[in-house]
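Here's entry-v6.cif, which has mmCIF, C-alpha atoms:
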data_structure
loop_
_atom_site.label_atom_id
_atom_site.label_comp_id
_atom_site.auth_asym_id
_atom_site.auth_seq_id
_atom_site.Cartn_x
_atom_site.Cartn_y
_atom_site.Cartn_z
CA MET A 1 64.25 -41.00 -2.90
CA ALA A 2 62.33 -37.98 -4.05
CA VAL A 3 59.14 -36.76 -5.63
CA ILE A 4 59.55 -35.05 -9.00
CA LEU A 5 56.94 -32.41 -9.70
CA ASP A 6 55.61 -31.01 -12.96
CA ALA A 7 53.82 -27.65 -13.32
CA ASN A 8 50.34 -29.10 -13.12
CA ALA A 9 51.15 -31.05 -9.95
CA LEU A 10 52.81 -27.99 -8.38
CA ILE A 11 49.79 -25.80 -9.10
CA ASN A 12 47.25 -28.40 -7.98
CA LEU A 13 49.12 -29.31 -4.79
CA TYR A 14 49.57 -25.61 -4.01
CA ARG A 15 45.87 -24.88 -4.53
CA ALA A 16 44.99 -27.90 -2.40
CA GLU A 17 47.23 -26.41 0.34
CA ILE A 18 49.23 -29.65 0.35
CA LEU A 19 52.42 -28.55 -1.43
CA SER A 20 54.04 -27.11 1.72
CA LEU A 21 53.21 -30.30 3.66
CA ILE A 22 54.77 -32.51 0.96
CA TYR A 23 57.82 -30.25 0.92
CA LEU A 24 58.19 -30.50 4.68
CA ALA A 25 57.86 -34.28 4.74
CA THR A 26 59.84 -35.39 1.70
CA GLU A 27 62.51 -34.42 -0.80
CA CYS A 28 61.05 -32.79 -3.91
CA ILE A 29 62.70 -32.08 -7.26
CA VAL A 30 61.43 -29.36 -9.59
CA PRO A 31 63.21 -29.46 -12.98
CA ALA A 32 64.30 -26.07 -14.37
CA GLU A 33 61.79 -26.35 -17.24
CA VAL A 34 58.97 -26.90 -14.74
CA TYR A 35 60.18 -23.98 -12.60
CA ALA A 36 60.03 -21.78 -15.72
CA GLU A 37 56.45 -22.91 -16.46
CA ALA A 38 55.02 -22.66 -12.96
CA VAL A 39 57.01 -19.81 -11.43
CA THR A 40 58.77 -17.62 -14.01
CA ASN A 41 56.01 -17.65 -16.64
CA GLY A 42 53.28 -17.45 -14.01
CA GLN A 43 54.89 -14.39 -12.44
CA MET A 44 55.40 -12.79 -15.86
CA ALA A 45 51.69 -13.25 -16.56
CA GLY A 46 50.81 -11.85 -13.14
CA TYR A 47 49.41 -14.92 -11.42
CA PRO A 48 49.90 -14.55 -7.63
CA ASP A 49 49.85 -18.34 -7.08
CA SER A 50 53.20 -18.56 -8.89
CA SER A 51 54.80 -16.41 -6.18
CA GLY A 52 53.14 -18.54 -3.51
CA ILE A 53 54.65 -21.63 -5.11
CA ALA A 54 58.08 -19.94 -5.28
CA GLU A 55 57.92 -19.16 -1.56
CA ILE A 56 57.47 -22.84 -0.79
CA ILE A 57 59.90 -24.40 -3.26
CA GLY A 58 62.59 -21.67 -3.11
CA PRO A 59 64.89 -20.75 -6.01
CA CYS A 60 65.48 -23.06 -8.96
CA THR A 61 68.40 -25.39 -8.30
CA GLU A 62 68.18 -27.63 -11.37
CA GLU A 63 69.71 -27.04 -14.79
CA PHE A 64 67.91 -26.76 -18.11
CA MET A 65 68.27 -29.66 -20.52
CA GLU A 66 70.84 -28.99 -23.24
CA ILE A 67 68.96 -30.99 -25.83
CA GLN A 68 65.20 -31.33 -25.67
CA PRO A 69 64.19 -34.85 -26.75
CA ASP A 70 60.97 -35.14 -28.72
CA LEU A 71 58.43 -37.22 -26.81
CA GLY A 72 55.75 -36.54 -29.38
CA ARG A 73 53.51 -33.54 -28.70
CA THR A 74 54.42 -33.16 -25.03
CA GLY A 75 55.72 -30.04 -23.32
CA ARG A 76 59.18 -29.13 -22.07
CA GLY A 77 58.23 -29.60 -18.41
CA GLU A 78 56.78 -33.06 -18.91
CA THR A 79 59.85 -34.11 -20.91
CA ALA A 80 62.14 -32.77 -18.17
CA VAL A 81 60.26 -34.69 -15.46
CA LEU A 82 60.79 -37.94 -17.36
CA ARG A 83 64.47 -37.10 -17.96
CA VAL A 84 65.07 -36.46 -14.24
CA TYR A 85 63.15 -39.63 -13.37
CA LEU A 86 65.26 -41.77 -15.70
CA GLU A 87 68.51 -40.17 -14.52
CA ARG A 88 67.80 -40.56 -10.81
CA ARG A 89 66.12 -43.89 -10.25
CA GLY A 90 64.07 -44.58 -7.16
CA ASN A 91 61.81 -41.58 -7.46
CA SER A 92 58.18 -41.09 -8.40
CA PHE A 93 56.05 -38.31 -9.80
CA PRO A 94 52.44 -37.21 -10.08
CA SER A 95 51.05 -36.53 -13.56
CA ASP A 96 47.55 -35.85 -14.86
CA ASP A 97 48.11 -35.46 -18.57
CA GLN A 98 46.42 -38.01 -20.81
CA ARG A 99 48.96 -37.65 -23.63
CA PHE A 100 51.97 -37.91 -21.32
CA LEU A 101 50.46 -40.89 -19.46
CA ARG A 102 49.85 -42.60 -22.79
CA TYR A 103 53.51 -42.07 -23.66
CA LEU A 104 54.62 -43.47 -20.28
CA GLU A 105 52.44 -46.56 -20.65
CA ARG A 106 53.85 -47.19 -24.13
CA MET A 107 57.39 -46.76 -22.85
CA GLU A 108 56.75 -49.14 -19.95
CA ARG A 109 55.47 -51.79 -22.33
CA SER A 110 58.10 -51.42 -25.05
CA GLU A 111 61.16 -50.93 -22.86
CA ARG A 112 59.94 -53.02 -19.94
CA VAL A 113 60.70 -50.34 -17.39
CA ALA A 114 58.51 -49.30 -14.47
CA ILE A 115 57.90 -45.58 -14.36
CA ARG A 116 56.42 -44.94 -10.93
CA HIS A 117 53.71 -42.36 -11.29
CA LEU A 118 50.18 -41.54 -10.13
CA GLY A 119 47.65 -38.81 -10.89
CA THR A 120 47.82 -35.86 -8.50
CA PRO A 121 44.61 -36.79 -6.60
CA GLN A 122 45.81 -40.41 -6.36
CA PHE A 123 49.18 -39.11 -5.16
CA ILE A 124 47.29 -37.19 -2.46
CA VAL A 125 45.55 -40.44 -1.44
CA GLN A 126 48.90 -42.27 -1.20
CA SER A 127 50.34 -39.35 0.80
CA THR A 128 47.44 -39.83 3.23
CA ILE A 129 47.94 -43.61 3.46
CA ASN A 130 51.64 -43.06 4.18
CA GLY A 131 51.11 -40.40 6.82
CA LEU A 132 52.41 -37.32 4.98
CA ILE A 133 49.07 -35.59 5.33
CA THR A 134 45.84 -36.23 7.25
CA LYS A 135 42.63 -37.52 5.74
CA SER A 136 40.84 -34.22 6.34
CA GLN A 137 43.69 -32.30 4.66
CA ALA A 138 43.39 -34.64 1.68
CA LEU A 139 39.58 -34.31 1.50
CA ASP A 140 39.72 -30.52 1.78
CA GLY A 141 42.52 -30.39 -0.77
CA ILE A 142 40.72 -32.44 -3.39
CA ALA A 143 37.49 -30.49 -2.82
CA SER A 144 39.34 -27.20 -3.33
CA LEU A 145 40.70 -28.31 -6.70
CA GLY A 146 37.25 -28.22 -8.31
CA GLY A 147 37.62 -28.08 -12.09
CA GLY A 148 41.42 -28.28 -11.83
CA ILE A 149 41.16 -32.08 -12.01
CA SER A 150 38.86 -34.35 -13.97
CA GLU A 151 35.71 -35.84 -12.49
CA VAL A 152 37.09 -39.35 -13.01
CA GLN A 153 40.09 -38.49 -10.87
CA SER A 154 38.27 -36.69 -8.08
CA THR A 155 35.56 -39.38 -7.78
CA ASP A 156 38.21 -42.10 -7.64
CA ALA A 157 40.28 -40.26 -5.01
CA LEU A 158 37.28 -39.37 -2.84
CA GLN A 159 36.00 -42.96 -2.91
CA ARG A 160 39.40 -44.28 -1.86
CA LEU A 161 39.75 -41.68 0.89
CA GLU A 162 36.36 -42.64 2.29
CA THR A 163 37.58 -46.18 2.87
CA LEU A 164 40.57 -45.07 4.94
CA MET B 1 40.86 -13.63 -20.34
CA THR B 2 44.08 -15.58 -20.74
CA ARG B 3 47.39 -13.76 -20.31
CA LYS B 4 49.62 -14.14 -23.34
CA LEU B 5 53.35 -14.38 -22.67
CA SER B 6 54.52 -13.61 -26.20
CA LYS B 7 53.68 -10.51 -28.21
CA LYS B 8 55.23 -11.83 -31.42
CA ASN B 9 53.07 -11.79 -34.54
CA GLN B 10 53.44 -13.16 -38.02
CA ILE B 11 52.06 -11.45 -41.10
CA THR B 12 50.13 -13.87 -43.25
CA SER B 13 47.63 -13.54 -46.06
CA LEU B 14 44.34 -15.30 -45.50
CA GLU B 15 41.32 -15.54 -47.73
CA ILE B 16 38.24 -14.95 -45.61
CA PRO B 17 34.73 -15.95 -46.74
CA LEU B 18 32.57 -12.94 -47.48
CA GLU B 19 29.98 -13.95 -44.87
CA LEU B 20 32.62 -14.06 -42.12
CA SER B 21 33.99 -10.70 -43.24
CA SER B 22 30.46 -9.24 -43.17
CA CYS B 23 29.92 -10.64 -39.68
CA ALA B 24 33.15 -9.04 -38.46
CA GLU B 25 32.17 -5.74 -40.08
CA LEU B 26 28.77 -5.71 -38.38
CA PHE B 27 30.32 -6.85 -35.09
CA SER B 28 32.80 -3.99 -35.37
CA GLU B 29 30.01 -1.51 -36.09
CA ILE B 30 27.98 -2.62 -33.06
CA THR B 31 30.78 -3.10 -30.52
CA GLY B 32 33.31 -0.55 -31.71
CA ILE B 33 35.98 -3.28 -31.78
CA ASP B 34 38.26 -3.05 -34.80
CA LYS B 35 37.29 -5.55 -37.52
CA SER B 36 40.74 -7.15 -37.76
CA ASP B 37 40.97 -7.35 -33.96
CA ALA B 38 37.61 -9.14 -33.91
CA LEU B 39 38.73 -11.60 -36.58
CA LEU B 40 41.96 -12.28 -34.69
CA ASP B 41 40.01 -12.83 -31.51
CA TRP B 42 37.74 -15.33 -33.21
CA LEU B 43 40.75 -17.10 -34.72
CA ARG B 44 42.35 -17.32 -31.30
CA SER B 45 39.17 -18.62 -29.64
CA GLY B 46 38.89 -21.30 -32.32
CA ALA B 47 42.52 -22.31 -31.81
CA GLU B 48 42.07 -22.47 -28.04
CA ARG B 49 38.95 -24.62 -28.31
CA GLU B 50 40.24 -27.01 -30.99
CA MET B 51 43.67 -27.46 -29.42
CA LEU B 52 42.08 -28.02 -26.01
CA ARG B 53 39.86 -30.65 -27.59
CA LEU B 54 43.03 -32.41 -28.78
CA VAL B 55 44.38 -32.27 -25.21
CA SER B 56 41.16 -33.84 -23.92
CA GLU B 57 41.50 -36.63 -26.51
CA GLY B 58 45.12 -37.30 -25.52
CA GLU B 59 46.52 -36.12 -28.87
CA LEU B 60 48.43 -33.22 -27.35
CA SER B 61 49.76 -32.65 -23.83
CA ALA B 62 48.68 -29.71 -21.70
CA GLY B 63 52.32 -28.64 -21.57
CA LYS B 64 52.55 -28.51 -25.36
CA PHE B 65 49.19 -26.71 -25.48
CA VAL B 66 50.38 -23.84 -23.26
CA GLU B 67 53.66 -23.61 -25.18
CA LEU B 68 51.91 -23.44 -28.55
CA LEU B 69 49.38 -20.82 -27.45
CA GLY B 70 51.97 -18.78 -25.54
CA ILE B 71 49.97 -18.89 -22.32
CA THR B 72 50.63 -20.40 -18.89
CA TYR B 73 49.42 -23.46 -16.97
CA PHE B 74 47.44 -21.06 -14.79
CA ASP B 75 45.23 -20.24 -17.79
CA VAL B 76 44.22 -23.84 -18.45
CA PRO B 77 41.41 -24.25 -15.84
CA GLN B 78 39.62 -21.12 -17.06
CA LEU B 79 39.86 -22.33 -20.67
CA THR B 80 38.48 -25.77 -19.82
CA GLU B 81 35.60 -23.99 -18.09
CA LYS B 82 35.10 -21.50 -20.94
CA TYR B 83 34.86 -24.21 -23.60
CA ASN B 84 33.34 -26.83 -21.30
CA ILE B 85 36.06 -29.35 -22.19
CA GLU B 86 37.37 -31.66 -19.49
CA ILE B 87 40.97 -32.73 -19.64
CA GLY B 88 42.85 -35.38 -17.67
CA PRO B 89 43.45 -39.11 -17.65
CA THR B 90 40.84 -41.61 -18.76
CA GLU B 91 39.22 -44.00 -16.31
CA GLU B 92 41.41 -46.79 -17.70
CA GLN B 93 44.55 -44.73 -17.15
CA VAL B 94 43.59 -43.98 -13.53
CA GLN B 95 42.97 -47.70 -12.95
CA TYR B 96 46.25 -48.61 -14.68
CA MET B 97 48.20 -46.27 -12.39
CA TRP B 98 46.54 -47.77 -9.29
CA ASP B 99 47.09 -51.34 -10.39
CA LYS B 100 50.62 -50.87 -11.59
CA HIS B 101 52.17 -48.15 -9.45
CA ALA B 102 50.19 -47.25 -6.34
CA GLU B 103 51.98 -49.68 -4.06
CA ALA B 104 55.44 -48.76 -5.33
CA VAL B 105 54.74 -45.02 -5.14
CA GLY B 106 53.53 -45.53 -1.55
CA ALA B 107 56.75 -47.36 -0.67
CA ILE B 108 58.84 -44.63 -2.32
CA LEU B 109 56.95 -41.97 -0.37
CA LYS B 110 57.56 -43.86 2.87
CA LYS B 111 61.30 -44.19 2.17
CA SER B 112 61.47 -40.59 1.01
CA VAL B 113 59.94 -39.38 4.28
CA LYS B 114 62.43 -41.48 6.25
CA SER B 115 65.51 -40.30 4.33
CA HIS B 116 64.30 -36.71 4.47
CA GLN B 117 63.92 -36.96 8.26
CA GLU B 118 67.43 -38.40 8.54
CA GLN B 119 68.80 -35.50 6.47
CA GLN B 120 66.97 -33.00 8.68
CA ASP B 121 68.38 -34.63 11.86
#

Is it possible to give me this structure as structure tokens?
Amino acid sequence: MAVILDANALINLYRAEILSLIYLATECIVPAEVYAEAVTNGQMAGYPDSSGIAEIIGPCTEEFMEIQPDLGRTGRGETAVLRVYLERRGNSFPSDDQRFLRYLERMERSERVAIRHLGTPQFIVQSTINGLITKSQALDGIASLGGGISEVQSTDALQRLETL
Amino acid sequence: MTRKLSKKNQITSLEIPLELSSCAELFSEITGIDKSDALLDWLRSGAEREMLRLVSEGELSAGKFVELLGITYFDVPQLTEKYNIEIGPTEEQVQYMWDKHAEAVGAILKKSVKSHQEQQD
């Protein structure tokens, strides 16, 4: 059982200072394509957060996909997350991309499969409910994301956290 | 300022309306920025804004957006701020994820913590 992370989730969880806590508490998988997006490309472009992420997740241990399936206007990282999910059942992943979520919903309906996913802020709420992080860590984390997540998501997550 | 990963360019011929060309000329005269550089900059800004709008409408993923523009995920928040375009799931999508997957994701997290602890021990 593991949590598969895409670049957006990695960056948001890192900025929320929750990534290291998730890594300590659970098994995480970062596909090679995601590692390239969040770490390699980030470092090439000179973003210090990418090195911070690398320190937490360590070197890339996954392999690149030989053939990149076309999911219809989605990126390599998102496609790789879905591939890893379908290959290794029993996992889940956070995702915040409207296009990708639309694709997942369609796939769930047409192929009658359950693809266990939540938005990153909702994933943070579930991590709080299940004792991976504290409520104050979750509240601080979501507040620190600011414009990194949509208002719909942050309002929803904050309302749910308040009830805990 | 976003940080481009690729320096590759393609030579293409483009017919530019006279008014736009005059604007670029005057802009160049005032700012000292080369006319073709200014035009390229405007083209890039337009591409960033319009493609980001497609991401916000769910027509294109953020991952595809960064690939197409040759930028990184780290550039996305500053672009959403620059163009005042919010991206992310719709309210219905957030509700769908809660209704359909929240419980199962919670159970997976719980099991994942347990198996991780066993591995550590």

Using the chain letters and numbering of this document, enumerate as a list in words the residues selected by the PyMOL selection byres ((chain A and resi 50) around 9).
-> Ile11, Ala38, Val39, Thr40, Asn41, Gly42, Gln43, Gly46, Tyr47, Pro48, Asp49, Ser51, Gly52, Ile53, Ala54 and Glu55 of chain A; Phe74 of chain B

Excluding same-chain residues fewer than 4 positions from A:Gly131, what lies within 9 Å of it counting only C-alpha atoms, as a list in words?
-> Gln126 and Ser127 of chain A; Lys110 of chain B

Could you tell me which residues the PyMOL selection byres ((chain B and resi 51-57) around 10) returns for this structure, as an NGL selection string?
-> (:A and (73 or 97-99)) or (:B and (45-50 or 58-66 or 68-69 or 76 or 79-80 or 83-90))

Straight-line distance linking atom CA of B:Ser115 with atom CA of A:Ile133, stated in Å to one decimal | 17.1 Å

Taking the file as shown, find all residues satisfying the PyMOL selection byres ((chain B and resi 111) around 12) and write them as a list in words.
->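 Written out, the selection comes to Met1, Ala2, Val3, Ala25, Thr26, Glu27, Gly90, Asn91, Ser92, Asn130, Gly131 and Leu132 of chain A; Ala104, Val105, Gly106, Ala107, Ile108, Leu109, Lys110, Ser112, Val113, Lys114, Ser115, His116, Gln117 and Glu118 of chain B.
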
Coordinates-based distance that separates atom CA of A:Leu101 from atom CA of A:Leu145 (Å, one decimal) |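 Calculated distance between atom CA of A:Leu145 and atom CA of A:Leu101 is 20.4 Å.
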
Padding of 8 Å on every side, edges along x, y and z, all listed atoms of stretch 45-57 of chain B included: what centre and edge lengths in Å, to one decimal, does that box have, as lines of an AutoDock Vina configuration file?
center_x = 41.6
center_y = -27.6
center_z = -28.1
size_x = 21.5
size_y = 34.0
size_z = 24.4

Atom CA of A:Ala143 to atom CA of A:Ser20, distance in Å rounded to a single decimal =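 Atom-to-atom, atom CA of A:Ala143 and atom CA of A:Ser20 are spaced 17.5 Å apart.
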
In the coordinates of the file, take the point (62.4, -30.9, -6.8) and a cut-off of 8 Å; then, counting only C-alpha atoms, name each qualifying protein, DNA or RNA residue as a ChimeraX atom specification.
-> /A:2-5,27-31,57

Compare A:Arg109, A:Arg15, A:Arg116, A:Arg89 by their minimum atom-to-atom distance to chain B, counting only C-alpha atoms, and give me the closest one.
->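 Among A:Arg109, A:Arg15, A:Arg116, A:Arg89, it is A:Arg116 that comes nearest to chain B.
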